[in-house]
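Dropping target28.tsv in here (TSV, C-alpha atoms):
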```
chain	number	residue	atom	x	y	z
A	254	MET	CA	-15.45	-90.08	43.83
A	255	ASN	CA	-18.75	-88.93	45.37
A	256	ALA	CA	-20.53	-85.69	44.52
A	257	LYS	CA	-19.33	-83.90	47.67
A	258	ASN	CA	-15.63	-84.56	46.90
A	259	SER	CA	-16.16	-83.55	43.28
A	260	LEU	CA	-17.65	-80.24	44.40
A	261	TRP	CA	-14.60	-79.52	46.63
A	262	TRP	CA	-12.22	-80.23	43.73
A	263	ILE	CA	-14.15	-77.89	41.46
A	264	LEU	CA	-14.02	-75.08	44.07
A	265	CYS	CA	-10.27	-75.52	44.59
A	266	LEU	CA	-9.58	-75.42	40.87
A	267	ALA	CA	-11.71	-72.30	40.53
A	268	LEU	CA	-9.77	-70.56	43.32
A	269	PHE	CA	-6.47	-71.31	41.59
A	270	ALA	CA	-7.79	-70.30	38.18
A	271	VAL	CA	-9.04	-66.85	39.20
A	272	PRO	CA	-5.65	-65.37	40.22
A	273	SER	CA	-3.94	-66.91	37.18
A	274	GLN	CA	-6.44	-65.34	34.86
A	275	ALA	CA	-6.08	-61.93	36.54
A	276	LEU	CA	-2.28	-62.02	36.31
A	277	ALA	CA	-2.48	-62.93	32.64
A	278	GLN	CA	-4.60	-59.94	31.75
A	279	TYR	CA	-2.70	-57.30	29.81
A	280	LYS	CA	-2.39	-53.72	30.91
A	281	ASN	CA	-3.78	-51.06	28.59
A	282	ALA	CA	-1.07	-48.40	28.94
A	283	SER	CA	2.49	-47.78	30.04
A	284	PHE	CA	4.96	-44.95	30.44
A	285	GLY	CA	8.71	-44.93	30.73
A	286	PHE	CA	11.97	-43.01	30.88
A	287	ASP	CA	15.27	-43.77	29.18
A	288	THR	CA	18.63	-42.42	28.14
A	289	ALA	CA	20.54	-43.11	24.94
A	290	GLY	CA	23.86	-42.51	23.28
A	291	TRP	CA	23.35	-40.89	19.87
A	292	LEU	CA	25.59	-41.43	16.84
A	293	LEU	CA	25.09	-39.59	13.53
A	294	THR	CA	26.56	-39.91	10.06
A	295	LEU	CA	28.55	-36.93	8.77
A	296	PRO	CA	27.48	-35.88	5.25
A	297	SER	CA	30.24	-34.03	3.47
A	298	ALA	CA	30.19	-30.23	3.52
A	299	VAL	CA	32.59	-30.20	0.57
A	300	ASP	CA	31.78	-30.89	-3.09
A	301	ASP	CA	33.72	-33.13	-5.47
A	302	ALA	CA	35.98	-30.21	-6.42
A	303	GLY	CA	36.97	-29.66	-2.78
A	304	ASN	CA	34.93	-26.49	-2.29
A	305	VAL	CA	32.62	-25.88	0.67
A	306	LEU	CA	28.97	-26.18	-0.37
A	307	PRO	CA	26.75	-23.07	-0.66
A	308	LEU	CA	24.96	-21.96	2.52
A	309	ASP	CA	21.59	-23.58	1.79
A	310	ASN	CA	23.18	-26.89	0.84
A	311	ARG	CA	25.47	-27.37	3.83
A	312	PRO	CA	24.58	-30.42	5.94
A	313	MET	CA	24.24	-30.73	9.69
A	314	ARG	CA	27.56	-32.33	10.64
A	315	LEU	CA	26.58	-33.25	14.20
A	316	GLY	CA	28.59	-36.30	15.12
A	317	LYS	CA	27.37	-37.61	18.46
A	318	GLY	CA	25.21	-36.79	21.44
A	319	LEU	CA	23.38	-37.86	24.56
A	320	ARG	CA	19.60	-38.17	24.66
A	321	PHE	CA	17.07	-38.30	27.51
A	322	GLY	CA	13.50	-39.30	26.75
A	323	GLY	CA	10.10	-40.23	28.02
A	324	GLU	CA	7.38	-42.22	26.31
A	325	THR	CA	3.72	-43.10	26.80
A	326	ASN	CA	2.18	-46.19	25.19
A	327	TRP	CA	-1.45	-47.19	24.66
A	328	LYS	CA	-2.63	-50.64	23.64
A	329	LEU	CA	-4.72	-50.72	20.48
A	330	ASN	CA	-7.37	-53.35	19.77
A	331	HIS	CA	-4.89	-56.22	20.07
A	332	ASP	CA	-2.30	-57.14	22.71
A	333	GLN	CA	0.51	-56.99	20.14
A	334	TRP	CA	-0.23	-53.53	18.69
A	335	TRP	CA	0.53	-50.35	20.66
A	336	PHE	CA	0.56	-46.64	19.86
A	337	THR	CA	3.58	-44.73	21.17
A	338	GLY	CA	4.17	-41.04	21.80
A	339	ARG	CA	7.45	-39.71	23.12
A	340	VAL	CA	9.48	-36.57	23.81
A	341	ASN	CA	13.28	-36.42	23.81
A	342	VAL	CA	15.79	-33.79	24.81
A	343	ALA	CA	19.34	-34.12	23.56
A	344	PHE	CA	22.77	-32.55	23.64
A	345	MET	CA	24.84	-32.94	20.46
A	346	THR	CA	28.27	-31.82	19.33
A	347	PHE	CA	30.15	-31.26	16.10
A	348	PRO	CA	33.34	-33.21	15.35
A	349	SER	CA	36.37	-31.38	16.70
A	350	GLY	CA	38.10	-30.98	13.34
A	351	ASP	CA	41.57	-29.55	12.75
A	352	GLU	CA	42.36	-25.90	11.96
A	353	ALA	CA	45.45	-26.98	10.01
A	354	GLY	CA	43.85	-29.96	8.24
A	355	THR	CA	41.80	-30.36	5.08
A	356	ILE	CA	39.00	-27.96	4.17
A	357	GLN	CA	36.53	-30.43	5.68
A	358	GLU	CA	38.48	-30.59	8.94
A	359	GLN	CA	38.80	-26.80	9.03
A	360	TYR	CA	35.04	-26.55	8.50
A	361	ASP	CA	34.38	-28.92	11.41
A	362	SER	CA	36.78	-27.03	13.64
A	363	ALA	CA	35.07	-23.69	12.87
A	364	ALA	CA	31.62	-25.21	13.46
A	365	SER	CA	32.67	-26.76	16.76
A	366	THR	CA	34.24	-23.51	17.97
A	367	SER	CA	31.49	-21.10	16.90
A	368	ILE	CA	28.36	-23.23	17.42
A	369	GLY	CA	29.49	-25.52	20.22
A	370	THR	CA	26.98	-27.80	21.95
A	371	VAL	CA	23.57	-28.07	20.33
A	372	PHE	CA	20.38	-28.63	22.33
A	373	GLY	CA	17.51	-30.50	20.67
A	374	VAL	CA	13.84	-31.08	21.54
A	375	GLU	CA	12.20	-33.92	19.65
A	376	ALA	CA	8.56	-35.10	19.64
A	377	GLY	CA	7.48	-38.26	17.86
A	378	ILE	CA	4.76	-40.86	17.40
A	379	GLY	CA	4.88	-44.48	16.30
A	380	ILE	CA	3.24	-47.88	16.12
A	381	ARG	CA	4.87	-50.70	18.08
A	382	TYR	CA	4.33	-54.40	17.32
A	383	PHE	CA	5.27	-56.96	19.99
A	384	PHE	CA	6.33	-60.36	18.66
A	385	LEU	CA	5.82	-61.89	22.12
A	386	THR	CA	3.66	-60.56	24.94
A	387	ASP	CA	4.87	-62.41	28.03
A	388	ARG	CA	7.77	-61.44	30.33
A	389	ILE	CA	10.20	-61.15	27.39
A	390	ARG	CA	8.62	-58.76	24.87
A	391	PRO	CA	10.68	-58.17	21.68
A	392	TYR	CA	9.18	-55.63	19.28
A	393	ILE	CA	9.62	-53.55	16.14
A	394	GLN	CA	8.40	-49.96	15.89
A	395	MET	CA	7.83	-47.59	12.98
A	396	GLY	CA	7.43	-43.87	13.59
A	397	THR	CA	8.03	-40.28	12.64
A	398	SER	CA	9.24	-37.21	14.54
A	399	TYR	CA	10.04	-33.52	14.42
A	400	MET	CA	13.04	-32.00	16.20
A	401	ARG	CA	14.00	-28.38	16.81
A	402	LEU	CA	17.68	-27.67	17.39
A	403	PHE	CA	19.05	-24.73	19.37
A	404	THR	CA	22.61	-23.52	19.70
A	405	LEU	CA	23.89	-22.65	23.17
A	406	SER	CA	26.76	-20.58	21.81
A	407	THR	CA	27.10	-16.88	22.61
A	408	VAL	CA	28.89	-16.17	19.31
A	409	ALA	CA	26.57	-18.06	16.96
A	410	ASP	CA	24.93	-14.86	15.73
A	411	GLU	CA	28.19	-13.02	15.17
A	412	VAL	CA	29.52	-12.56	11.64
A	413	CYS	CA	31.64	-15.46	10.43
A	414	THR	CA	35.18	-14.10	10.12
A	415	GLY	CA	37.20	-17.26	9.67
A	416	ASN	CA	38.76	-18.83	6.61
A	417	ALA	CA	37.42	-17.20	3.41
A	418	GLU	CA	37.02	-20.67	1.90
A	419	ILE	CA	34.64	-21.62	4.72
A	420	CYS	CA	32.74	-18.43	5.57
A	421	GLU	CA	30.35	-17.33	2.85
A	422	PRO	CA	31.30	-13.88	1.50
A	423	GLY	CA	29.12	-11.18	3.06
A	424	ASP	CA	27.77	-10.49	6.51
A	425	TYR	CA	26.62	-14.03	7.23
A	426	SER	CA	26.60	-15.25	10.82
A	427	ASN	CA	28.22	-18.37	12.19
A	428	SER	CA	24.76	-19.92	12.48
A	429	GLU	CA	24.04	-19.31	8.82
A	430	ASN	CA	27.34	-20.88	7.85
A	431	PHE	CA	27.34	-23.96	10.11
A	432	PHE	CA	23.85	-24.30	11.57
A	433	GLY	CA	21.51	-23.57	8.70
A	434	HIS	CA	18.96	-26.38	9.22
A	435	PRO	CA	17.67	-26.37	12.82
A	436	ASN	CA	14.32	-27.98	11.88
A	437	VAL	CA	14.63	-31.73	11.38
A	438	GLY	CA	11.99	-34.25	10.41
A	439	ALA	CA	12.78	-37.94	10.70
A	440	LEU	CA	11.54	-41.43	9.91
A	441	HIS	CA	12.22	-44.13	12.51
A	442	ILE	CA	12.71	-47.89	12.60
A	443	GLN	CA	13.25	-49.11	16.14
A	444	PRO	CA	13.83	-52.72	17.20
A	445	GLY	CA	13.70	-53.22	20.94
A	446	LEU	CA	12.92	-55.46	23.86
A	447	GLU	CA	11.06	-55.14	27.14
A	448	TRP	CA	11.81	-57.53	29.98
A	449	VAL	CA	9.11	-57.52	32.65
A	450	PHE	CA	11.35	-58.29	35.63
A	451	THR	CA	8.71	-57.57	38.29
A	452	ARG	CA	5.01	-56.82	38.37
A	453	ASP	CA	4.16	-53.85	36.11
A	454	MET	CA	7.83	-52.87	35.57
A	455	ALA	CA	10.00	-53.65	32.57
A	456	LEU	CA	13.59	-53.05	31.54
A	457	HIS	CA	13.57	-51.41	28.09
A	458	ILE	CA	16.41	-51.80	25.56
A	459	TYR	CA	16.20	-50.37	22.04
A	460	ALA	CA	18.07	-49.17	18.93
A	461	ASP	CA	16.32	-46.16	17.38
A	462	THR	CA	17.48	-45.80	13.76
A	463	GLN	CA	16.50	-42.47	12.22
A	464	TYR	CA	16.61	-41.03	8.72
A	465	TRP	CA	16.78	-37.25	9.05
A	466	ILE	CA	14.95	-35.32	6.36
A	467	ILE	CA	16.70	-31.99	5.72
A	468	PHE	CA	15.54	-29.96	2.73
A	469	ASN	CA	18.15	-28.70	0.22
A	470	ALA	CA	21.01	-30.42	2.06
A	471	PRO	CA	22.31	-33.99	2.45
A	472	ASP	CA	20.28	-36.03	4.94
A	473	ASN	CA	21.70	-37.68	8.07
A	474	ILE	CA	21.25	-41.20	9.37
A	475	SER	CA	21.44	-41.56	13.14
A	476	LEU	CA	21.36	-44.36	15.69
A	477	ALA	CA	20.32	-43.94	19.33
A	478	LEU	CA	21.09	-46.91	21.59
A	479	GLY	CA	18.89	-46.62	24.68
A	480	LEU	CA	18.22	-48.17	28.07
A	481	GLY	CA	15.31	-47.35	30.36
A	482	ILE	CA	12.44	-48.48	32.57
A	483	ASN	CA	8.77	-48.80	31.58
A	484	PHE	CA	5.85	-48.88	34.03
A	485	TYR	CA	2.56	-50.58	33.11
A	486	LEU	CA	-0.72	-49.03	34.22
```

Take the structure from the file and write it as structure tokens.
Amino acid sequence: MNAKNSLWWILCLALFAVPSQALAQYKNASFGFDTAGWLLTLPSAVDDAGNVLPLDNRPMRLGKGLRFGGETNWKLNHDQWWFTGRVNVAFMTFPSGDEAGTIQEQYDSAASTSIGTVFGVEAGIGIRYFFLTDRIRPYIQMGTSYMRLFTLSTVADEVCTGNAEICEPGDYSNSENFFGHPNVGALHIQPGLEWVFTRDMALHIYADTQYWIIFNAPDNISLALGLGINFYL
């Protein structure tokens, strides 16, 4: 092969190499939107003797909900490590209970009737580690969050006048009886996967496991199973 032919081969290889290298470069940020079904454990509101716990020690017996969220991610100093910040809004409900059932079921029924649907705003941060960084991107994420819960009920602030075994004696409202811990901190472990199905867009699937930290009352464990779309910048 003469020098002229060798030069042409080198130029052709260079032309093919440049686009490949550009496509392989990683983006430095992404943002996305998702929705998730939310399941929560139900710590008992009744002690071993069958009595409803005192006001300050009553748990948040929210059973399930629907969550909508958005996240922004920034790559750290390595392609596998990313910082994540996100905001969620959620609608959660109490279990329906039974007015003629056990004390626990009567408690749930009174909470569902007087408090109704609960609206939550949650902000969190985390560190995400990608095991693979190509089109299929499985990851694990550790994080923390704070959530403020609001009741949408019009009778939440009225005096609890139900069963004397459930309503604390005195002029205590429904909120004080069934919704005493609206500030929730949480620790998160979230496995997930991003599938980059087209340029700069990825399908996002995750399972956000949370440990709710509620002072003076039993803590909750929750699981949000989510699906969304992420866009790389």

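Taking all atoms listed in the file, the non-local environment of His434 in chain A within 10 Å (same-chain residues fewer than 5 positions away omitted) comprises A:Asp309, A:Asn310, A:Arg311, A:Pro312, A:Met313, A:Arg401, A:Leu402, A:Ser428, A:Glu429, A:Ile467, A:Phe468, A:Asn469, A:Ala470.
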
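Between Asn473 in chain A and the candidates A:Val437, A:Ser365, A:Ala417, A:Arg339, the tightest atom-to-atom separation, counting all atoms listed in the file, involves A:Val437.
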
Taking only residues of range 296-357 of chain A that have an atom at most 7 Å from an atom of range 372-387 of chain A, what is each one's shortest atom pair and its distance in Å to one decimal, using all atoms listed in the file, in chain and number order, as JSON lines?
```
{"residue": "A:Gln333", "atom": "CA", "partner": "A:Phe383", "partner_atom": "CA", "distance": 4.8}
{"residue": "A:Trp334", "atom": "CA", "partner": "A:Tyr382", "partner_atom": "CA", "distance": 4.8}
{"residue": "A:Trp335", "atom": "CA", "partner": "A:Arg381", "partner_atom": "CA", "distance": 5.1}
{"residue": "A:Phe336", "atom": "CA", "partner": "A:Ile380", "partner_atom": "CA", "distance": 4.8}
{"residue": "A:Thr337", "atom": "CA", "partner": "A:Gly379", "partner_atom": "CA", "distance": 5.0}
{"residue": "A:Gly338", "atom": "CA", "partner": "A:Ile378", "partner_atom": "CA", "distance": 4.4}
{"residue": "A:Arg339", "atom": "CA", "partner": "A:Gly377", "partner_atom": "CA", "distance": 5.5}
{"residue": "A:Val340", "atom": "CA", "partner": "A:Ala376", "partner_atom": "CA", "distance": 4.5}
{"residue": "A:Asn341", "atom": "CA", "partner": "A:Glu375", "partner_atom": "CA", "distance": 5.0}
{"residue": "A:Val342", "atom": "CA", "partner": "A:Val374", "partner_atom": "CA", "distance": 4.7}
{"residue": "A:Ala343", "atom": "CA", "partner": "A:Gly373", "partner_atom": "CA", "distance": 5.0}
{"residue": "A:Phe344", "atom": "CA", "partner": "A:Phe372", "partner_atom": "CA", "distance": 4.8}
{"residue": "A:Met345", "atom": "CA", "partner": "A:Phe372", "partner_atom": "CA", "distance": 6.5}
```

Would you compute the box with edges along x, y and z of the file around range 320-335 of chain A, including every atom the file lists for it and 8 Å extra on each side, and give its centre and edge lengths in Å to one decimal, as lines of an AutoDock Vina configuration file?
```
center_x = 6.1
center_y = -47.7
center_z = 23.4
size_x = 43.0
size_y = 35.0
size_z = 25.3
```

Mind listing whatever residues come within 10 Å of the point (27.8, -17.7, 8.2)? Use only C-alpha atoms, file coordinates, and give them as number ranges by chain. A: 308, 364, 409-415, 419-433

Which one of A:Pro307, A:Met400, A:Arg320, A:Ala302 sits closest to Leu480 in chain A if you count only C-alpha atoms? A:Arg320

With all atoms listed in the file as the atoms that count, which of A:Ile368, A:Leu292, A:Leu478, A:Leu486 lies nearest to Gly322 in chain A? A:Leu478

Who sits within 10 Å of Tyr464 in chain A, only C-alpha atoms, same chain under 2 positions skipped, as a list in words: Leu293, Thr397, Val437, Gly438, Ala439, Leu440, His441, Ile442, Thr462, Ile466, Ile467, Asp472, Asn473, Ile474, Ser475 and Leu476 of chain A

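Considering the residues A:Gln463, A:Ser367, A:Thr451, A:Ser362 and counting all atoms listed in the file, Gly396 in chain A has its shortest atom-to-atom contact with A:Gln463.
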
Measure the distance from CA of Thr404 in chain A to CA of Ser349 in chain A in Å and round it to one decimal. 16.1 Å

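In this comparison, which uses all atoms listed in the file, the residue of A:Gln359, A:Asn281, A:Thr407, A:Thr288 approaching Asp332 in chain A most closely is A:Asn281.
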
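From CA of Ala477 in chain A back to CA of Asp351 in chain A, the distance works out to 26.5 Å.
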
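In terms of minimum interatomic distance to Pro348 in chain A, A:Pro296 ranks closest within A:Gly323, A:Gly303, A:Pro435, A:Pro296, counting only C-alpha atoms.
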
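Every protein or nucleic acid residue with an atom no more than 9 Å from Pro444 in chain A, counting only C-alpha atoms and leaving out same-chain residues fewer than 6 positions away, appears here: Pro391, Tyr392, Ile393, Gln394, Met395, Ile458, Tyr459, Ala460, Asp461 and Thr462 of chain A.
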
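Take CA of Ser398 in chain A and CA of Phe284 in chain A: the distance between them is 18.2 Å.
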
Which residues, written as an NGL selection string, have at least one atom at most 10 Å from Lys280 in chain A, with all atoms listed in the file counted and residues fewer than 4 positions away on the same chain left out? :A and (276 or 327-328 or 332 or 453 or 485-486)

Can you pull out the residues contacting Ile356 in chain A? Cut-off 8 Å, using only C-alpha atoms, and skip same-chain residues under 2 positions away; I want them as a ChimeraX atom specification. /A:299,303-305,354,358-360,418-419
